[in-house]
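**Student:** Submitted below is the structure of interest, expressed as structure tokens.
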Amino acid sequence: MSGRSASVRAAAGRVALAVVCALAGAGTAAPAAAARAATPGVCAAADADIYRPPDGAPAVPGDVIACREVGSLPMVVTSTPYRAWKLRYGSTDGRGRPAVVAGTVIEPRTPWTGPGERPLVAFVPGTLGIGPQCAFSKQLAGEYQDAYEGANLAALLDAGYAVAVTDGAGYLDGQVHPYVAGADAGHAVLDIVRAAPDLPGGGVGAGAPVGIWGYSEGGAGSLWAGQLAASYAPELDVVGVASGAAPADLKQVAAHLDGGMFAGFLVDAVIGLAATHPGLPFDELLDDRGREAVRDAESLCAVGTVTRFAGARFTDYTKDRLTLDQIYALKAPDGTTWSEVADANRLGVGVGRPGSGARYEIGFPVLQYRGLLDEVIPAETARANRQAYCAAGIPTEWTAYVADHLLGDSLAVRDTVTWLTDRFEGRTATNDC
């Protein structure tokens, strides 16, 4: 095994679990200390094993539980030769409980000629839909095709960087993806970075500098990983986070999506937050159309979700025609409201520089960007998140493209890889605050 010793990893995992439990709030029971899973000697697991839910003692966050080498990734079109692995690894959910997540690690076969260890970029995919077939690792391997960010990964490989791509929580068999649940996403990102150096036969170094990048849902996931890094994974050398079109304020985004072309993303978000907080009233609110909508959403990927729910209003799926504001006021048995859960997933709240005492201390620069014609994420959400980071003293570069939501992703690829390269090479980041 390369990198950290078993004792260091186990201790880090226990500390991370304790910290997350503390952040989760009163009433959340501390999980039992996780037993370290034995790292596989070779990556020869069956494909089905990668997506098998936990069936034993919980793994320490970042442990490789199962892995398999993948011959090629049809979505990633590049002349750079590479090796790729699917893996299942230990993580922590947003409420401090042990979790297991799947993902993909990709390494160029060409030697790294830069200083130090080859950098690693944790890439967080954008919205894929919450059907089980939508998992990014499945799509990268050609088992399903609905995703759109293969070019982003190719650009990173062409720059010489290794890439760790989490599927995100909830894509194992029988699970539901907790769409837009911030801590779940952030933990999954940080833990695949921890896992990458322990892949048998892999070449990622335990001390590799780490960049984090994502767009849309992935933009939120990347920022959540950045916000959580210091407390959850302090041993990682994170040098910067690039985030595009992040749904930073779920209430603002929900109001914008409801009844519009992309209302399906709102449906996915409500299902995702209900999955992370099963005590919140949800199933009992739905009428027959609502229950059918949930079944459909849980079987669809991004394109199907947009098509199925175009123009939908969430009120039409509830028995009492509840508005979003009325739903926000509803409480779980412990008194937690839908409003509080949505607000807890708002980015930019409680951020600060190292030593500030802020809940989320961020010691590296951040790139935020969006399309000026973005029809999915409202401009005020992006503007407020940028202002929050600036007000906290976090060096923040801002870029806007003449593009809609989808085109904004592809137009930013070259600039974002250049920005990450500058971070890896130690150049001073531009601060547009």
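Chain identifiers are assigned as A, B, and so on, following the order in which chains appear in the structure tokens; residues are numbered from 1 within each chain, and ligands are numbered from 1 in order of appearance.
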Which residues of region 60-173 of chain A have any atom within 6 Å of an atom in region 197-214 of chain A when counting only C-alpha atoms, and what is the closest pair of atoms for each, with the distance in Å to one decimal? Order the rows by chain and rising number and write it as a tab-separated table.

**Tutor:**
```
residue	atom	partner	partner_atom	distance
A:Glu117	CA	A:Ala208	CA	5.3
A:Pro119	CA	A:Pro209	CA	5.0
A:Leu120	CA	A:Val210	CA	5.0
A:Val121	CA	A:Gly211	CA	4.6
A:Ala122	CA	A:Ile212	CA	4.7
A:Phe123	CA	A:Trp213	CA	5.0
A:Val124	CA	A:Gly214	CA	4.6
```

**Student:** Name all residues at most 10 Å from Gly94 (chain A) (count only C-alpha atoms; drop same-chain ones fewer than 3 positions away) and give them as a PyMOL selection string.

**Tutor:** chain A and resi 20-21+23-24+91+97-99+169+178+181-188+276-277

**Student:** Contacts of Arg289 (chain A) at 10 Å or less, counting only C-alpha atoms, minus same-chain residues fewer than 6 places along, as a list of chain:residue names?

**Tutor:**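 Close residues of Arg289 (chain A): A:Arg295, A:Asp316, A:Tyr317, A:Thr318, A:Lys319.
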
**Student:** Let's have the selection written as a compact mmCIF listing (two decimals), in the first residue's frame, with C-alpha atoms.

**Tutor:**
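Below you can see out_10.txt, which holds the result:
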```
# COMPACT_ATOMS: atom_id res chain seq x y z
CA ARG A 295 -41.01 6.68 -9.24
CA ASP A 316 -49.45 19.78 -8.35
CA TYR A 317 -47.89 16.66 -6.84
CA THR A 318 -49.22 17.24 -3.32
CA LYS A 319 -52.63 16.26 -1.94
```

**Student:** Need to verify the contact set: Asp374 (chain A), 10 Å, only C-alpha atoms, exclusion of same-chain residues closer than 2 positions in sequence. Can you return it as a PyMOL selection string?

**Tutor:** chain A and resi 245+370-372+376-379+401-408

**Student:** Write down as a PyMOL selection string the residues belonging to region 124-245 of chain A that are assigned alpha helix (DSSP H) by DSSP computed on the backbone.

**Tutor:** chain A and resi 136-140+150-158+182-195+217-232

**Student:** What separation in Å, quoted to one decimal, exists between CA of Arg353 (chain A) and CA of Leu228 (chain A)?

**Tutor:** 12.8 Å

**Student:** Within 9 Å of region 140-160 of chain A, which residues of region 236-312 of chain A show up? Give each one with its shortest atom-to-atom distance in Å (one decimal) and the two atoms involved, counting only C-alpha atoms, rows by chain then rising residue number, as a tab-separated table.

**Tutor:**
```
residue	atom	partner	partner_atom	distance
A:Cys301	CA	A:Asp146	CA	6.8
A:Ala302	CA	A:Asp146	CA	6.8
A:Val303	CA	A:Asp146	CA	6.9
```

**Student:** Would you output that residue set with N, CA and C atoms, as a PDB file, in the first residue's frame?

**Tutor:**
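New file result-v1.pdb:
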```pdb
ATOM      1  N   CYS A 301     -32.323   9.578 -15.975  1.00  0.00           N
ATOM      2  CA  CYS A 301     -31.107  10.377 -15.961  1.00  0.00           C
ATOM      3  C   CYS A 301     -31.438  11.799 -16.405  1.00  0.00           C
ATOM      4  N   ALA A 302     -30.418  12.611 -16.648  1.00  0.00           N
ATOM      5  CA  ALA A 302     -30.618  14.049 -16.795  1.00  0.00           C
ATOM      6  C   ALA A 302     -31.577  14.413 -17.925  1.00  0.00           C
ATOM      7  N   VAL A 303     -31.354  13.892 -19.123  1.00  0.00           N
ATOM      8  CA  VAL A 303     -32.193  14.274 -20.254  1.00  0.00           C
ATOM      9  C   VAL A 303     -33.632  13.824 -20.024  1.00  0.00           C
TER      10      VAL A 303
END
```

**Student:** If you measure from CA of Thr323 (chain A) to CA of Gly272 (chain A), what distance in Å do you get, rounded to one decimal?

**Tutor:**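 For CA of Thr323 (chain A) relative to CA of Gly272 (chain A), the distance reads 18.4 Å.
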
**Student:** Suppose you want the space between CA of Asp422 (chain A) and CA of Gly226 (chain A); what is it in Å?

**Tutor:**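 These two atoms are separated by 17.6 Å.
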
**Student:** Using only C-alpha atoms, which residues sit within 7 Å of region 424-433 of chain A once same-chain residues fewer than 6 positions away are excluded, as a VMD selection string?

**Tutor:** chain A and resid 209 239 365 390 395 to 398

**Student:** Which residue, A:Ala400, A:Ile106, A:Ala391, A:Lys138, has the smallest gap to Ala48 (chain A) when you use only C-alpha atoms?

**Tutor:**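 Among the listed residues, the smallest separation from Ala48 (chain A) belongs to A:Lys138.
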
**Student:** Using only C-alpha atoms, can you tell me which of A:Gly363, A:Gly304, A:Gly131, A:Pro281 comes closest to Gln326 (chain A)?

**Tutor:**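 Distance minimum relative to Gln326 (chain A) lands on A:Pro281.
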
**Student:** Could you check which of A:Ala46, A:Ala263, A:Glu292, A:Leu286 is closest to Ile327 (chain A), using only C-alpha atoms?

**Tutor:**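 Of the candidates, the smallest distance to Ile327 (chain A) is held by A:Leu286.
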
**Student:** Measuring atom to atom with only C-alpha atoms, identify which of A:Ala310, A:Gly279, A:Ala274, A:Gln387 is nearest to Asp334 (chain A).

**Tutor:**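 Closest to Asp334 (chain A), using only C-alpha atoms: A:Gly279.
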
**Student:** Quick one: of A:Gln133, A:Ser79, A:Thr110, A:Gln227, who's nearest to Asp173 (chain A), counting only C-alpha atoms?

**Tutor:**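 Of A:Gln133, A:Ser79, A:Thr110, A:Gln227, the one nearest Asp173 (chain A) is A:Gln133, counting only C-alpha atoms.
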
**Student:** With only C-alpha atoms as the counted atoms, please give the residues lying no more than 12 Å from Ala358 (chain A), apart from itself and same-chain residues fewer than 4 positions off, as a ChimeraX atom specification.

**Tutor:** /A:227-228,230-231,348-354,362-363,392-394

**Student:** For the residues in the current selection, export C-alpha atoms as a PDB file, in the first residue's frame.

**Tutor:**
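Generated file (result_39.pdb):
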```
ATOM      1  CA  GLN A 227     -15.588  24.203   2.824  1.00  0.00           C
ATOM      2  CA  LEU A 228     -15.226  20.857   4.620  1.00  0.00           C
ATOM      3  CA  ALA A 230      -9.933  21.690   6.780  1.00  0.00           C
ATOM      4  CA  SER A 231     -12.136  19.953   9.343  1.00  0.00           C
ATOM      5  CA  GLY A 348     -21.012  30.598   1.631  1.00  0.00           C
ATOM      6  CA  VAL A 349     -22.505  30.607   5.136  1.00  0.00           C
ATOM      7  CA  GLY A 350     -19.947  30.338   7.942  1.00  0.00           C
ATOM      8  CA  VAL A 351     -16.881  30.523   5.686  1.00  0.00           C
ATOM      9  CA  GLY A 352     -13.667  32.258   6.688  1.00  0.00           C
ATOM     10  CA  ARG A 353      -9.910  32.346   6.428  1.00  0.00           C
ATOM     11  CA  PRO A 354      -7.697  30.010   8.482  1.00  0.00           C
ATOM     12  CA  ILE A 362     -10.695  27.906   3.665  1.00  0.00           C
ATOM     13  CA  GLY A 363      -6.959  28.358   3.142  1.00  0.00           C
ATOM     14  CA  ALA A 392     -14.924  36.334   4.298  1.00  0.00           C
ATOM     15  CA  GLY A 393     -11.542  37.301   2.840  1.00  0.00           C
ATOM     16  CA  ILE A 394     -11.175  34.235   0.623  1.00  0.00           C
TER      17      ILE A 394
END
```

**Student:** Quick check for you: according to DSSP on this backbone, which residues of region 17-126 of chain A are classed as strand (DSSP E or B)? Reply as an NGL selection string.

**Tutor:** :A and (44 or 64-70 or 82-92 or 98-108 or 120-124)

**Student:** Using only C-alpha atoms, find the one residue out of A:Pro234, A:Gly219, A:Gly290, A:Pro81 that sits nearest to Thr315 (chain A).

**Tutor:**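 Smallest separation from Thr315 (chain A) among the options: A:Gly290.
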